[in-house]
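Shown next: entry_0.cif, containing mmCIF, C-alpha atoms.
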```
data_run
#
loop_
_atom_site.label_atom_id
_atom_site.label_comp_id
_atom_site.auth_asym_id
_atom_site.auth_seq_id
_atom_site.Cartn_x
_atom_site.Cartn_y
_atom_site.Cartn_z
CA MET A 1 66.27 50.59 -9.93
CA LYS A 2 69.73 50.85 -11.48
CA ASN A 3 72.80 50.18 -9.36
CA ALA A 4 75.85 52.28 -10.28
CA TYR A 5 78.29 49.48 -9.47
CA PHE A 6 76.54 46.26 -10.49
CA ASN A 7 74.21 44.90 -13.17
CA GLU A 8 71.30 42.56 -12.45
CA ASP A 9 73.40 39.42 -12.95
CA ASP A 10 76.00 40.73 -10.50
CA LEU A 11 73.33 41.52 -7.93
CA SER A 12 71.84 38.05 -8.21
CA VAL A 13 75.22 36.66 -7.09
CA LEU A 14 75.90 39.32 -4.47
CA LEU A 15 72.54 38.87 -2.77
CA SER A 16 72.44 35.04 -2.83
CA SER A 17 74.71 34.17 0.10
CA SER A 18 73.14 30.70 0.47
CA GLN A 19 74.75 29.77 -2.86
CA TRP A 20 78.24 31.03 -2.04
CA ARG A 21 81.14 28.59 -1.67
CA LEU A 22 84.19 29.49 0.39
CA VAL A 23 87.80 28.63 -0.49
CA SER A 24 90.77 29.22 1.84
CA SER A 25 94.08 27.49 2.48
CA GLY A 26 92.74 26.01 5.71
CA TYR A 27 89.36 24.79 4.48
CA SER A 28 87.48 24.72 1.18
CA GLU A 29 83.87 24.00 0.30
CA ILE A 30 84.83 22.97 -3.25
CA SER A 31 87.36 20.37 -4.38
CA PRO A 32 90.65 21.14 -6.12
CA VAL A 33 90.92 20.42 -9.85
CA LYS A 34 93.69 19.46 -12.25
CA PRO A 35 94.15 22.40 -14.64
CA ASP A 36 94.97 22.06 -18.32
CA LYS A 37 98.49 22.41 -19.72
CA GLN A 38 97.93 25.94 -21.04
CA TYR A 39 96.98 27.27 -17.62
CA LEU A 40 99.82 25.36 -15.91
CA GLU A 41 102.34 26.99 -18.22
CA TRP A 42 100.86 30.41 -17.52
CA ILE A 43 100.63 30.06 -13.72
CA SER A 44 104.26 28.89 -13.51
CA GLN A 45 105.23 32.44 -14.51
CA SER A 46 102.24 34.38 -13.20
CA SER A 47 101.83 34.14 -9.44
CA GLU A 48 102.50 36.61 -6.64
CA THR A 49 102.57 37.04 -2.88
CA HIS A 50 102.13 40.18 -0.80
CA GLN A 51 101.56 41.18 2.79
CA GLN A 52 98.01 42.49 2.52
CA ARG A 53 95.10 40.08 2.81
CA GLU A 54 92.62 39.89 -0.05
CA MET A 55 89.25 38.37 -0.90
CA MET A 56 87.85 37.68 -4.33
CA LEU A 57 84.25 36.87 -5.26
CA VAL A 58 83.51 35.46 -8.71
CA LEU A 59 80.62 37.42 -10.25
CA SER A 60 80.51 35.82 -13.70
CA GLY A 61 82.36 33.27 -15.80
CA ILE A 62 84.23 30.10 -14.91
CA SER A 63 88.02 30.05 -14.62
CA TYR A 64 90.91 28.49 -12.77
CA PHE A 65 92.37 30.16 -9.70
CA THR A 66 95.39 28.87 -7.76
CA LEU A 67 95.73 29.58 -4.05
CA GLY A 68 98.75 28.36 -2.12
CA GLY A 69 99.73 26.01 -4.92
CA VAL A 70 96.28 24.37 -5.13
CA THR A 71 94.08 25.04 -8.18
CA TYR A 72 90.30 25.44 -8.06
CA GLN A 73 87.70 26.21 -10.69
CA GLY A 74 85.89 29.35 -9.61
CA SER A 75 82.29 29.91 -10.70
CA PRO A 76 79.80 32.64 -9.77
CA GLY A 77 79.45 32.73 -6.00
CA THR A 78 82.91 31.30 -5.22
CA ILE A 79 84.78 33.33 -2.58
CA PHE A 80 88.56 33.05 -2.27
CA LEU A 81 90.18 34.15 1.00
CA ILE A 82 93.83 35.03 0.36
CA ASN A 83 95.90 35.38 3.51
CA SER A 84 99.11 37.36 3.93
CA ASN A 85 101.99 36.01 1.86
CA GLU A 86 99.94 33.28 0.18
CA THR A 87 100.75 32.68 -3.49
CA HIS A 88 97.93 33.26 -5.96
CA ASP A 89 97.30 34.22 -9.59
CA LEU A 90 98.87 37.45 -10.83
CA TYR A 91 96.20 39.15 -12.97
CA TYR A 92 94.54 36.97 -15.63
CA PRO A 93 95.76 34.66 -18.41
CA PRO A 94 95.18 36.02 -21.93
CA PHE A 95 93.11 32.98 -22.89
CA GLY A 96 89.69 31.80 -21.70
CA GLY A 97 86.16 33.16 -21.64
CA LYS A 98 84.67 36.27 -20.09
CA ILE A 99 84.98 36.61 -16.32
CA LYS A 100 84.23 39.29 -13.75
CA HIS A 101 85.62 39.30 -10.22
CA LEU A 102 85.01 41.50 -7.19
CA TRP A 103 88.21 42.11 -5.21
CA PHE A 104 88.75 43.32 -1.64
CA ARG A 105 92.17 44.41 -0.29
CA ILE A 106 92.64 44.82 3.47
CA ILE A 107 95.23 47.48 4.23
CA ASN A 108 95.85 49.07 7.62
CA LYS A 109 92.29 48.75 8.96
CA THR A 110 90.77 49.83 5.66
CA ILE A 111 89.08 47.63 3.03
CA PHE A 112 89.39 48.72 -0.59
CA THR A 113 87.14 47.09 -3.16
CA GLY A 114 86.47 47.11 -6.91
CA SER A 115 85.59 44.78 -9.79
CA THR A 116 87.89 43.61 -12.59
CA SER A 117 87.66 41.38 -15.66
CA ARG A 118 89.97 39.57 -18.05
CA LYS A 119 89.30 42.32 -20.60
CA SER A 120 90.02 45.12 -18.13
CA PRO A 121 92.25 44.25 -15.13
CA ASP A 122 91.91 47.84 -13.87
CA TYR A 123 89.08 48.38 -11.40
CA ASP A 124 85.70 49.31 -12.89
CA PHE A 125 84.94 51.22 -9.70
CA HIS A 126 86.39 51.52 -6.22
CA TYR A 127 84.76 51.81 -2.83
CA THR A 128 86.37 52.10 0.60
CA PHE A 129 85.19 50.58 3.87
CA SER A 130 86.96 52.96 6.24
CA GLY A 131 88.49 52.08 9.58
CA TYR A 132 86.91 48.64 9.83
CA ASN A 133 83.33 49.84 10.18
CA HIS A 134 80.87 47.39 11.72
CA ALA A 135 80.47 45.27 8.58
CA GLY A 136 84.20 45.19 7.88
CA LEU A 137 85.15 44.43 11.47
CA SER A 138 82.63 41.58 11.69
CA PHE A 139 84.03 40.01 8.55
CA ILE A 140 87.69 40.31 9.61
CA ASN A 141 86.91 38.79 13.02
CA ALA A 142 85.06 35.90 11.38
CA TRP A 143 87.97 35.24 8.99
CA ASP A 144 90.46 35.32 11.89
CA GLU A 145 88.37 32.78 13.76
CA LEU A 146 88.17 30.48 10.74
CA ALA A 147 91.96 30.55 10.44
CA ALA A 148 92.76 30.15 14.15
CA ASN A 149 89.98 28.18 15.85
CA GLU A 150 90.71 24.46 15.70
CA GLN A 151 87.94 23.46 18.09
CA LEU A 152 84.83 24.66 16.27
CA ASP A 153 83.47 22.87 13.21
CA LYS A 154 84.94 24.31 10.00
CA LYS A 155 81.61 24.11 8.19
CA PHE A 156 80.02 26.19 10.93
CA LEU A 157 82.86 28.74 10.81
CA CYS A 158 82.48 29.03 7.02
CA THR A 159 78.81 29.87 7.54
CA VAL A 160 79.81 32.57 10.03
CA VAL A 161 82.31 34.02 7.53
CA LYS A 162 79.76 34.05 4.70
CA ASN A 163 77.14 35.72 6.90
CA ALA A 164 79.67 38.41 7.83
CA PHE A 165 80.66 38.78 4.17
CA ALA A 166 76.99 39.29 3.33
CA GLY A 167 77.05 42.38 5.54
CA LEU A 168 79.82 43.83 3.40
CA MET A 169 77.85 43.04 0.26
CA LEU A 170 74.71 44.76 1.53
CA GLU A 171 76.66 47.91 2.34
CA LEU A 172 78.38 47.86 -1.05
CA CYS A 173 75.14 47.34 -2.96
CA LYS A 174 73.50 50.14 -0.98
CA ALA A 175 76.40 52.44 -1.88
CA GLY A 176 75.81 51.61 -5.55
CA TYR A 177 72.12 52.51 -5.28
CA ASN A 178 72.94 55.73 -3.43
CA LYS A 179 75.39 56.67 -6.14
CA SER A 180 72.69 56.17 -8.79
CA LEU A 181 70.47 58.53 -6.82
CA GLY A 182 73.23 61.10 -6.49
CA MET A 183 73.49 60.46 -2.76
CA ASP A 184 76.98 58.97 -2.71
CA ASP A 185 79.76 60.49 -0.64
CA LYS A 186 81.99 62.65 -2.78
CA GLN A 187 85.77 62.23 -2.71
CA THR A 188 86.25 64.79 0.01
CA GLU A 189 89.49 65.80 1.68
CA LEU A 190 88.56 63.51 4.59
CA HIS A 191 88.10 60.56 2.22
CA HIS A 192 91.48 61.18 0.62
CA GLN A 193 93.04 61.41 4.08
CA THR A 194 91.55 58.03 5.03
CA VAL A 195 92.83 56.36 1.86
CA ILE A 196 96.33 57.84 2.03
CA ASN A 197 96.65 57.11 5.76
CA ALA A 198 95.93 53.45 5.02
CA ILE A 199 98.55 53.41 2.27
CA VAL A 200 101.09 55.18 4.50
CA GLY A 201 100.57 52.55 7.20
CA HIS A 202 101.04 49.81 4.61
CA ILE A 203 104.33 51.31 3.38
CA ARG A 204 105.64 51.65 6.94
CA GLU A 205 104.60 48.10 7.86
CA THR A 206 106.24 46.54 4.81
CA GLY A 207 109.26 48.83 4.68
CA GLY A 208 108.32 49.55 1.08
CA LYS A 209 109.03 45.98 -0.01
CA ASN A 210 108.03 45.45 -3.67
CA LEU A 211 106.06 48.71 -3.65
CA ASP A 212 106.02 51.44 -6.27
CA ILE A 213 103.62 54.16 -7.33
CA THR A 214 101.87 51.88 -9.83
CA SER A 215 101.07 49.14 -7.30
CA LEU A 216 100.06 51.62 -4.59
CA ALA A 217 97.78 53.59 -6.90
CA HIS A 218 96.16 50.30 -7.93
CA LEU A 219 95.55 49.39 -4.29
CA ALA A 220 94.04 52.81 -3.58
CA GLY A 221 91.86 52.71 -6.70
CA TYR A 222 93.29 55.92 -8.19
CA SER A 223 95.17 56.69 -11.39
CA LYS A 224 98.94 57.10 -10.91
CA PHE A 225 98.75 60.86 -11.51
CA HIS A 226 95.81 61.38 -9.15
CA PHE A 227 97.38 59.17 -6.47
CA ALA A 228 100.72 60.97 -6.65
CA LYS A 229 98.99 64.35 -6.35
CA ILE A 230 96.83 63.35 -3.36
CA PHE A 231 99.73 61.57 -1.64
CA LYS A 232 101.86 64.72 -1.90
CA THR A 233 99.00 66.89 -0.61
CA VAL A 234 98.32 64.67 2.42
CA THR A 235 101.88 63.70 3.40
CA GLY A 236 103.96 66.56 2.02
CA SER A 237 106.24 63.99 0.40
CA SER A 238 106.46 62.28 -2.97
CA VAL A 239 105.64 58.57 -3.08
CA LEU A 240 109.20 57.52 -3.93
CA ALA A 241 110.73 59.72 -1.22
CA PHE A 242 108.36 58.30 1.39
CA ILE A 243 109.05 54.70 0.32
CA ASN A 244 112.78 55.32 0.66
CA LEU A 245 112.31 56.96 4.06
CA CYS A 246 110.37 53.91 5.28
CA ARG A 247 113.03 51.60 3.83
CA GLN A 248 115.70 53.47 5.77
CA GLU A 249 113.65 53.15 8.97
CA LYS A 250 113.13 49.44 8.31
CA TYR A 251 116.84 48.99 7.59
CA ARG A 252 117.79 50.53 10.93
CA GLU A 253 115.18 48.40 12.71
CA LEU A 254 116.45 45.16 11.14
CA ALA A 255 120.11 46.08 11.67
CA ALA A 256 119.40 46.73 15.35
CA LYS A 257 118.04 43.17 15.57
CA GLY A 258 121.41 41.86 14.38
CA LYS A 259 120.47 40.95 10.81
CA ASN A 260 123.23 41.17 8.23
CA LYS A 261 123.04 43.14 5.00
CA LYS A 262 122.22 40.11 2.86
CA GLN A 263 119.24 39.22 5.09
CA ILE A 264 118.07 42.83 5.15
CA SER A 265 118.35 43.08 1.37
CA VAL A 266 115.97 40.14 1.01
CA GLU A 267 113.50 41.47 3.59
CA LEU A 268 113.38 44.87 1.89
CA GLY A 269 112.77 43.26 -1.50
CA PHE A 270 115.90 44.33 -3.37
CA SER A 271 116.68 42.30 -6.49
CA SER A 272 120.31 41.69 -5.48
CA PRO A 273 122.88 42.62 -2.80
CA VAL A 274 124.58 44.87 -5.38
CA VAL A 275 121.40 46.91 -5.93
CA PHE A 276 120.94 47.08 -2.15
CA SER A 277 124.50 48.36 -1.66
CA ARG A 278 123.96 51.08 -4.24
CA TRP A 279 120.77 52.11 -2.45
CA LEU A 280 122.59 52.26 0.89
CA LYS A 281 125.30 54.44 -0.61
CA LYS A 282 122.85 56.74 -2.38
CA TYR A 283 120.71 57.42 0.67
CA LYS A 284 123.61 57.31 3.15
CA THR A 285 121.76 54.96 5.47
CA LYS A 286 123.94 54.11 8.49
#
```

So that I can check it, write out the structure of this file as structure tokens.
Amino acid sequence: MKNAYFNEDDLSVLLSSSQWRLVSSGYSEISPVKPDKQYLEWISQSSETHQQREMMLVLSGISYFTLGGVTYQGSPGTIFLINSNETHDLYYPPFGGKIKHLWFRIINKTIFTGSTSRKSPDYDFHYTFSGYNHAGLSFINAWDELAANEQLDKKFLCTVVKNAFAGLMLELCKAGYNKSLGMDDKQTELHHQTVINAIVGHIRETGGKNLDITSLAHLAGYSKFHFAKIFKTVTGSSVLAFINLCRQEKYRELAAKGKNKKQISVELGFSSPVVFSRWLKKYKTK
């Protein structure tokens, strides 16, 4: 039976948890590698950090991936756990063979997922695990335990994480089969509300740092036009206006803690104190 999200090769990886290998900053089941000069030159200009946690599962192809300054060679079945504010590759280098990755972004108790490739960095599909359902909650708890528990054996904890991740995979594969049968949940008003509420929480939590409509639409799995329209419908505000409102709230919060304008400028992600001062003047933030 056809799966709307995955081909047979993808499914063979998704449903073979015994062959998965876990990589995180605290513990890895594969060894680091020394990348070639071409990749080193690319990664020196092509890394990012952000507040949301992410996971990436390699579905096909072999390629380098750098996490927290350490480079690994990901092959089908390799899972990368990317914690908040950990540096990692920004998109894909223009060189190398075909690859396909399945990404998960954890934002305000909601898990967004979709697959990408070197050829097409935009998501081939998107699916939302809303409100940390049972599968999502089990996985997040297992990941938290791997990161925090120093007493239990790391190999055992990795097995727990992979078993929990398998629950996510089963739900996602089932959603793909349901979609092929025409049984998938349509993008109802309630679904849009769930997605936008997660994004709203993310903007408030970060104070809008390094956020714009392009990055937020990408996180939500919508086109920029569709995202802007739904955001306005749900919140009654444009994306830019809401980001600026949250920045003002964050500014007042940080100022109340005694931080100076230079420190606040950095925390809000402004490119320079001059740009920050112009923003303060424009929006009359006290």

For stretch 183-243 of chain A versus stretch 266-270 of chain A, which residues have an atom no more than 10 Å away, and what is each residue's nearest atom pair and distance in Å rounded to one decimal, using only C-alpha atoms, chain-then-number order, as a tab-separated table?
```
residue	atom	partner	partner_atom	distance
A:Thr206	CA	A:Leu268	CA	7.9
A:Gly207	CA	A:Leu268	CA	6.4
A:Gly208	CA	A:Leu268	CA	6.9
A:Lys209	CA	A:Gly269	CA	4.9
A:Asn210	CA	A:Gly269	CA	5.7
A:Leu211	CA	A:Gly269	CA	8.9
```

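Atom CA of A:Tyr123 to atom CA of A:Ser47 spans 19.2 Å [interatomic distance, one decimal].
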
Item to check | Shell of 9 Å around stretch 212-217 of chain A, all atoms listed in the file, local chain residues under 2 positions omitted, as a count of residues only | outcome: 17

Can I get the residues of stretch 28-65 of chain A within 10 Å of stretch 98-110 of chain A, each with the closest pair of atoms and their distance in Å to one decimal, using only C-alpha atoms, sorted chain first then ascending number, as JSON lines?
```
{"residue": "A:Gln51", "atom": "CA", "partner": "A:Ile107", "partner_atom": "CA", "distance": 9.0}
{"residue": "A:Gln52", "atom": "CA", "partner": "A:Ile106", "partner_atom": "CA", "distance": 5.9}
{"residue": "A:Arg53", "atom": "CA", "partner": "A:Ile106", "partner_atom": "CA", "distance": 5.4}
{"residue": "A:Glu54", "atom": "CA", "partner": "A:Arg105", "partner_atom": "CA", "distance": 4.5}
{"residue": "A:Met55", "atom": "CA", "partner": "A:Phe104", "partner_atom": "CA", "distance": 5.0}
{"residue": "A:Met56", "atom": "CA", "partner": "A:Trp103", "partner_atom": "CA", "distance": 4.5}
{"residue": "A:Leu57", "atom": "CA", "partner": "A:Leu102", "partner_atom": "CA", "distance": 5.1}
{"residue": "A:Val58", "atom": "CA", "partner": "A:His101", "partner_atom": "CA", "distance": 4.6}
{"residue": "A:Leu59", "atom": "CA", "partner": "A:His101", "partner_atom": "CA", "distance": 5.3}
{"residue": "A:Ser60", "atom": "CA", "partner": "A:Lys100", "partner_atom": "CA", "distance": 5.1}
{"residue": "A:Gly61", "atom": "CA", "partner": "A:Ile99", "partner_atom": "CA", "distance": 4.3}
{"residue": "A:Ile62", "atom": "CA", "partner": "A:Ile99", "partner_atom": "CA", "distance": 6.7}
{"residue": "A:Ser63", "atom": "CA", "partner": "A:Ile99", "partner_atom": "CA", "distance": 7.4}
```

Kindly compute an axis-aligned box around the listed atoms of stretch 245-253 of chain A, allowing 5 Å on each side, and express its centre and edge lengths in Å to one decimal as AutoDock Vina command-line options.
```
--center_x 114.1 --center_y 52.7 --center_z 8.3 --size_x 17.4 --size_y 18.6 --size_z 18.9
```

Residue rebuild result stretch 151-162 of chain A, N, CA and C atoms as a short mmCIF file (atom, residue, chain, number, x, y, z; two decimals), keeping the file's coordinate frame:
```
data_model
loop_
_atom_site.label_atom_id
_atom_site.label_comp_id
_atom_site.auth_asym_id
_atom_site.auth_seq_id
_atom_site.Cartn_x
_atom_site.Cartn_y
_atom_site.Cartn_z
N GLN A 151 88.91 24.21 17.31
CA GLN A 151 87.94 23.46 18.09
C GLN A 151 86.56 23.45 17.45
N LEU A 152 86.16 24.59 16.87
CA LEU A 152 84.83 24.66 16.27
C LEU A 152 84.81 24.01 14.90
N ASP A 153 83.66 23.52 14.51
CA ASP A 153 83.47 22.87 13.21
C ASP A 153 83.74 23.85 12.07
N LYS A 154 84.56 23.43 11.10
CA LYS A 154 84.94 24.31 10.00
C LYS A 154 83.72 24.71 9.16
N LYS A 155 82.80 23.79 8.97
CA LYS A 155 81.61 24.11 8.19
C LYS A 155 80.80 25.22 8.87
N PHE A 156 80.72 25.15 10.18
CA PHE A 156 80.02 26.19 10.93
C PHE A 156 80.74 27.53 10.79
N LEU A 157 82.09 27.51 10.91
CA LEU A 157 82.86 28.74 10.81
C LEU A 157 82.73 29.35 9.42
N CYS A 158 82.67 28.51 8.37
CA CYS A 158 82.48 29.03 7.02
C CYS A 158 81.13 29.75 6.89
N THR A 159 80.12 29.22 7.56
CA THR A 159 78.81 29.87 7.54
C THR A 159 78.88 31.23 8.23
N VAL A 160 79.63 31.30 9.33
CA VAL A 160 79.81 32.57 10.03
C VAL A 160 80.51 33.58 9.13
N VAL A 161 81.57 33.13 8.42
CA VAL A 161 82.31 34.02 7.53
C VAL A 161 81.41 34.53 6.41
N LYS A 162 80.62 33.64 5.80
CA LYS A 162 79.76 34.05 4.70
C LYS A 162 78.66 35.00 5.17
#
```
